[in-house]
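Peer 1: Just so it is clear, I am handing over coords.cif, which has mmCIF, C-alpha atoms and all ligand atoms.
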```cif
data_model
#
loop_
_atom_site.group_PDB
_atom_site.id
_atom_site.type_symbol
_atom_site.label_atom_id
_atom_site.label_comp_id
_atom_site.auth_asym_id
_atom_site.auth_seq_id
_atom_site.Cartn_x
_atom_site.Cartn_y
_atom_site.Cartn_z
ATOM 1 C CA MET J 85 -32.445 -32.454 40.220
ATOM 2 C CA HIS J 86 -29.637 -34.176 38.395
ATOM 3 C CA THR J 87 -27.896 -32.338 35.595
ATOM 4 C CA THR J 88 -24.512 -32.611 33.945
ATOM 5 C CA TYR J 89 -23.732 -29.103 35.207
ATOM 6 C CA GLU J 90 -23.762 -29.973 38.874
ATOM 7 C CA ARG J 91 -20.087 -29.249 39.540
ATOM 8 C CA ARG J 92 -19.339 -25.780 40.711
ATOM 9 C CA CYS J 93 -16.011 -24.012 40.838
ATOM 10 C CA ILE J 94 -15.156 -22.892 44.370
ATOM 11 C CA ALA J 95 -13.522 -19.720 43.013
ATOM 12 C CA CYS J 96 -16.090 -18.255 40.585
ATOM 13 C CA ARG J 97 -19.115 -20.347 41.656
ATOM 14 C CA GLN J 98 -19.942 -21.158 38.047
ATOM 15 C CA ALA J 99 -21.243 -24.626 37.244
ATOM 16 C CA ASN J 100 -19.209 -26.400 34.619
ATOM 17 C CA LEU J 101 -18.569 -29.739 32.978
ATOM 18 C CA LYS J 102 -16.124 -31.829 34.928
ATOM 19 C CA GLN J 103 -13.615 -31.962 32.071
ATOM 20 C CA ASN J 104 -13.285 -28.182 32.387
ATOM 21 C CA LEU J 105 -12.535 -28.406 36.089
ATOM 22 C CA PHE J 106 -9.717 -29.593 38.285
ATOM 23 C CA ARG J 107 -10.995 -31.969 40.913
ATOM 24 C CA VAL J 108 -9.208 -31.862 44.244
ATOM 25 C CA CYS J 109 -10.038 -34.937 46.257
ATOM 26 C CA ARG J 110 -9.310 -36.084 49.776
ATOM 27 C CA VAL J 111 -7.978 -39.634 49.829
ATOM 28 C CA ASN J 112 -6.845 -41.174 53.113
ATOM 29 C CA ASP J 113 -6.074 -37.765 54.643
ATOM 30 C CA LYS J 114 -4.059 -36.757 51.604
ATOM 31 C CA TYR J 115 -5.220 -34.192 49.069
ATOM 32 C CA VAL J 116 -4.607 -34.820 45.417
ATOM 33 C CA VAL J 117 -5.573 -33.362 42.059
ATOM 34 C CA ASP J 118 -7.711 -36.170 40.695
ATOM 35 C CA GLU J 119 -6.977 -36.348 36.981
ATOM 36 C CA THR J 120 -9.283 -39.343 36.551
ATOM 37 C CA TYR J 121 -12.353 -37.872 38.323
ATOM 38 C CA LYS J 122 -12.860 -41.324 39.767
ATOM 39 C CA LEU J 123 -11.380 -41.152 43.251
ATOM 40 C CA ASN J 124 -13.758 -41.572 46.149
ATOM 41 C CA GLY J 125 -13.776 -38.914 48.777
ATOM 42 C CA ARG J 126 -14.716 -35.376 49.579
ATOM 43 C CA SER J 127 -13.849 -33.186 46.658
ATOM 44 C CA ALA J 128 -13.835 -29.627 45.357
ATOM 45 C CA TYR J 129 -13.718 -28.307 41.821
ATOM 46 C CA ILE J 130 -11.738 -25.454 40.291
ATOM 47 C CA CYS J 131 -11.963 -24.159 36.707
ATOM 48 C CA LYS J 132 -9.006 -25.015 34.517
ATOM 49 C CA ASN J 133 -8.056 -21.418 34.041
ATOM 50 C CA LYS J 134 -5.404 -19.210 35.523
ATOM 51 C CA GLN J 135 -7.870 -16.784 37.061
ATOM 52 C CA CYS J 136 -9.677 -19.359 39.174
ATOM 53 C CA LEU J 137 -6.525 -21.274 40.111
ATOM 54 C CA THR J 138 -4.846 -18.075 41.211
ATOM 55 C CA LYS J 139 -7.861 -17.046 43.256
ATOM 56 C CA VAL J 140 -8.028 -20.423 44.987
ATOM 57 C CA ILE J 141 -4.322 -20.315 45.801
ATOM 58 C CA ASP J 142 -4.217 -16.660 46.885
ATOM 59 C CA LYS J 143 -7.348 -16.832 49.025
ATOM 60 C CA LYS J 144 -6.713 -20.413 50.145
ATOM 61 C CA LEU J 145 -10.262 -21.328 49.234
ATOM 62 C CA LEU J 146 -9.616 -25.038 49.642
ATOM 63 C CA ASN J 147 -9.072 -24.519 53.352
ATOM 64 C CA ARG J 148 -12.715 -23.510 53.570
ATOM 65 C CA ALA J 149 -13.913 -26.348 51.371
ATOM 66 C CA PHE J 150 -12.075 -28.987 53.369
ATOM 67 C CA LYS J 151 -11.858 -27.173 56.712
ATOM 68 C CA THR J 152 -8.148 -27.770 57.011
ATOM 69 C CA ASN J 153 -4.904 -26.159 55.876
ATOM 70 C CA LEU J 154 -3.574 -27.513 52.624
ATOM 71 C CA GLU J 155 -0.185 -26.025 51.841
ATOM 72 C CA GLU J 156 0.898 -29.020 49.805
ATOM 73 C CA ILE J 157 -2.027 -28.996 47.408
ATOM 74 C CA TYR J 158 -1.558 -25.287 46.768
ATOM 75 C CA SER J 159 1.975 -25.858 45.593
ATOM 76 C CA ASN J 160 0.697 -28.685 43.386
ATOM 77 C CA LEU J 161 -1.955 -26.412 41.894
ATOM 78 C CA ARG J 162 0.598 -23.682 41.340
ATOM 79 C CA GLY J 163 2.309 -26.144 39.020
ATOM 80 C CA TYR J 164 -0.735 -26.044 36.731
ATOM 81 C CA ILE J 165 -0.378 -22.306 36.154
ATOM 82 C CA GLU J 166 1.961 -21.595 33.297
HETATM 83 ZN ZN ZN J 201 -13.998 -20.889 38.235
#
```
How would this structure read if it were set down as structure tokens?

Peer 2:
Amino acid sequence: MHTTYERRCIACRQANLKQNLFRVCRVNDKYVVDETYKLNGRSAYICKNKQCLTKVIDKKLLNRAFKTNLEEIYSNLRGYIE
């Protein structure tokens, strides 16, 4: 069933509105934080809070989501933690 709460954070597993989530998207074998939410490609969502970002980085949860190692995107995400 379609709802607006279909996006789920990979750290806390809570569904959330997309504007409250970072979207990490795979584009042509590169991984980017999609600020527009419009890129096409496999994607994963992370809450825009320090707790979830830290968990994703520390536990490398994106590796599981994308089944590959993503050192570069973790350093990008670290930049979002003040
Ligand atoms: Zn979360």

Peer 1: Carefully work through the PyMOL selection byres (((not hetatm)) within 12 of (chain J and resi 201)) for this structure and note down the residues it includes, as a PyMOL selection string.

Peer 2: chain J and resi 91-102+104-107+128-140+145

Peer 1: Could you please determine the separation between CA of Glu166 in chain J and CA of Asp142 in chain J in Å, to one decimal place?

Peer 2: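 Interatomic distance here is 15.7 Å.
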
Peer 1: In Å, how far is it from CA of Asn124 in chain J to CA of Val111 in chain J?

Peer 2: 7.1 Å

Peer 1: Within 12 Å of range 114-120 of chain J, counting all atoms listed in the file, which residues qualify if same-chain residues fewer than 5 places away don't, as an MDAnalysis selection string?

Peer 2: chainID J and resid 102:109 125:130 132 146:147 149:150 152:164

Peer 1: How would the residues just picked look written out with C-alpha atoms as a PDB file, keeping the file's coordinate frame?

Peer 2:
```pdb
ATOM      1  CA  LYS J 102     -16.124 -31.829  34.928  1.00  0.00           C
ATOM      2  CA  GLN J 103     -13.615 -31.962  32.071  1.00  0.00           C
ATOM      3  CA  ASN J 104     -13.285 -28.182  32.387  1.00  0.00           C
ATOM      4  CA  LEU J 105     -12.535 -28.406  36.089  1.00  0.00           C
ATOM      5  CA  PHE J 106      -9.717 -29.593  38.285  1.00  0.00           C
ATOM      6  CA  ARG J 107     -10.995 -31.969  40.913  1.00  0.00           C
ATOM      7  CA  VAL J 108      -9.208 -31.862  44.244  1.00  0.00           C
ATOM      8  CA  CYS J 109     -10.038 -34.937  46.257  1.00  0.00           C
ATOM      9  CA  GLY J 125     -13.776 -38.914  48.777  1.00  0.00           C
ATOM     10  CA  ARG J 126     -14.716 -35.376  49.579  1.00  0.00           C
ATOM     11  CA  SER J 127     -13.849 -33.186  46.658  1.00  0.00           C
ATOM     12  CA  ALA J 128     -13.835 -29.627  45.357  1.00  0.00           C
ATOM     13  CA  TYR J 129     -13.718 -28.307  41.821  1.00  0.00           C
ATOM     14  CA  ILE J 130     -11.738 -25.454  40.291  1.00  0.00           C
ATOM     15  CA  LYS J 132      -9.006 -25.015  34.517  1.00  0.00           C
ATOM     16  CA  LEU J 146      -9.616 -25.038  49.642  1.00  0.00           C
ATOM     17  CA  ASN J 147      -9.072 -24.519  53.352  1.00  0.00           C
ATOM     18  CA  ALA J 149     -13.913 -26.348  51.371  1.00  0.00           C
ATOM     19  CA  PHE J 150     -12.075 -28.987  53.369  1.00  0.00           C
ATOM     20  CA  THR J 152      -8.148 -27.770  57.011  1.00  0.00           C
ATOM     21  CA  ASN J 153      -4.904 -26.159  55.876  1.00  0.00           C
ATOM     22  CA  LEU J 154      -3.574 -27.513  52.624  1.00  0.00           C
ATOM     23  CA  GLU J 155      -0.185 -26.025  51.841  1.00  0.00           C
ATOM     24  CA  GLU J 156       0.898 -29.020  49.805  1.00  0.00           C
ATOM     25  CA  ILE J 157      -2.027 -28.996  47.408  1.00  0.00           C
ATOM     26  CA  TYR J 158      -1.558 -25.287  46.768  1.00  0.00           C
ATOM     27  CA  SER J 159       1.975 -25.858  45.593  1.00  0.00           C
ATOM     28  CA  ASN J 160       0.697 -28.685  43.386  1.00  0.00           C
ATOM     29  CA  LEU J 161      -1.955 -26.412  41.894  1.00  0.00           C
ATOM     30  CA  ARG J 162       0.598 -23.682  41.340  1.00  0.00           C
ATOM     31  CA  GLY J 163       2.309 -26.144  39.020  1.00  0.00           C
ATOM     32  CA  TYR J 164      -0.735 -26.044  36.731  1.00  0.00           C
TER      33      TYR J 164
END
```

Peer 1: For range 103-109 of chain J, I'd like the enclosing box, axis-aligned and padded by 6 Å on every side, reported as AutoDock Vina command-line options with centre and edge lengths in Å to one decimal.

Peer 2:
```
--center_x -11.4 --center_y -31.6 --center_z 39.2 --size_x 16.4 --size_y 18.8 --size_z 26.2
```
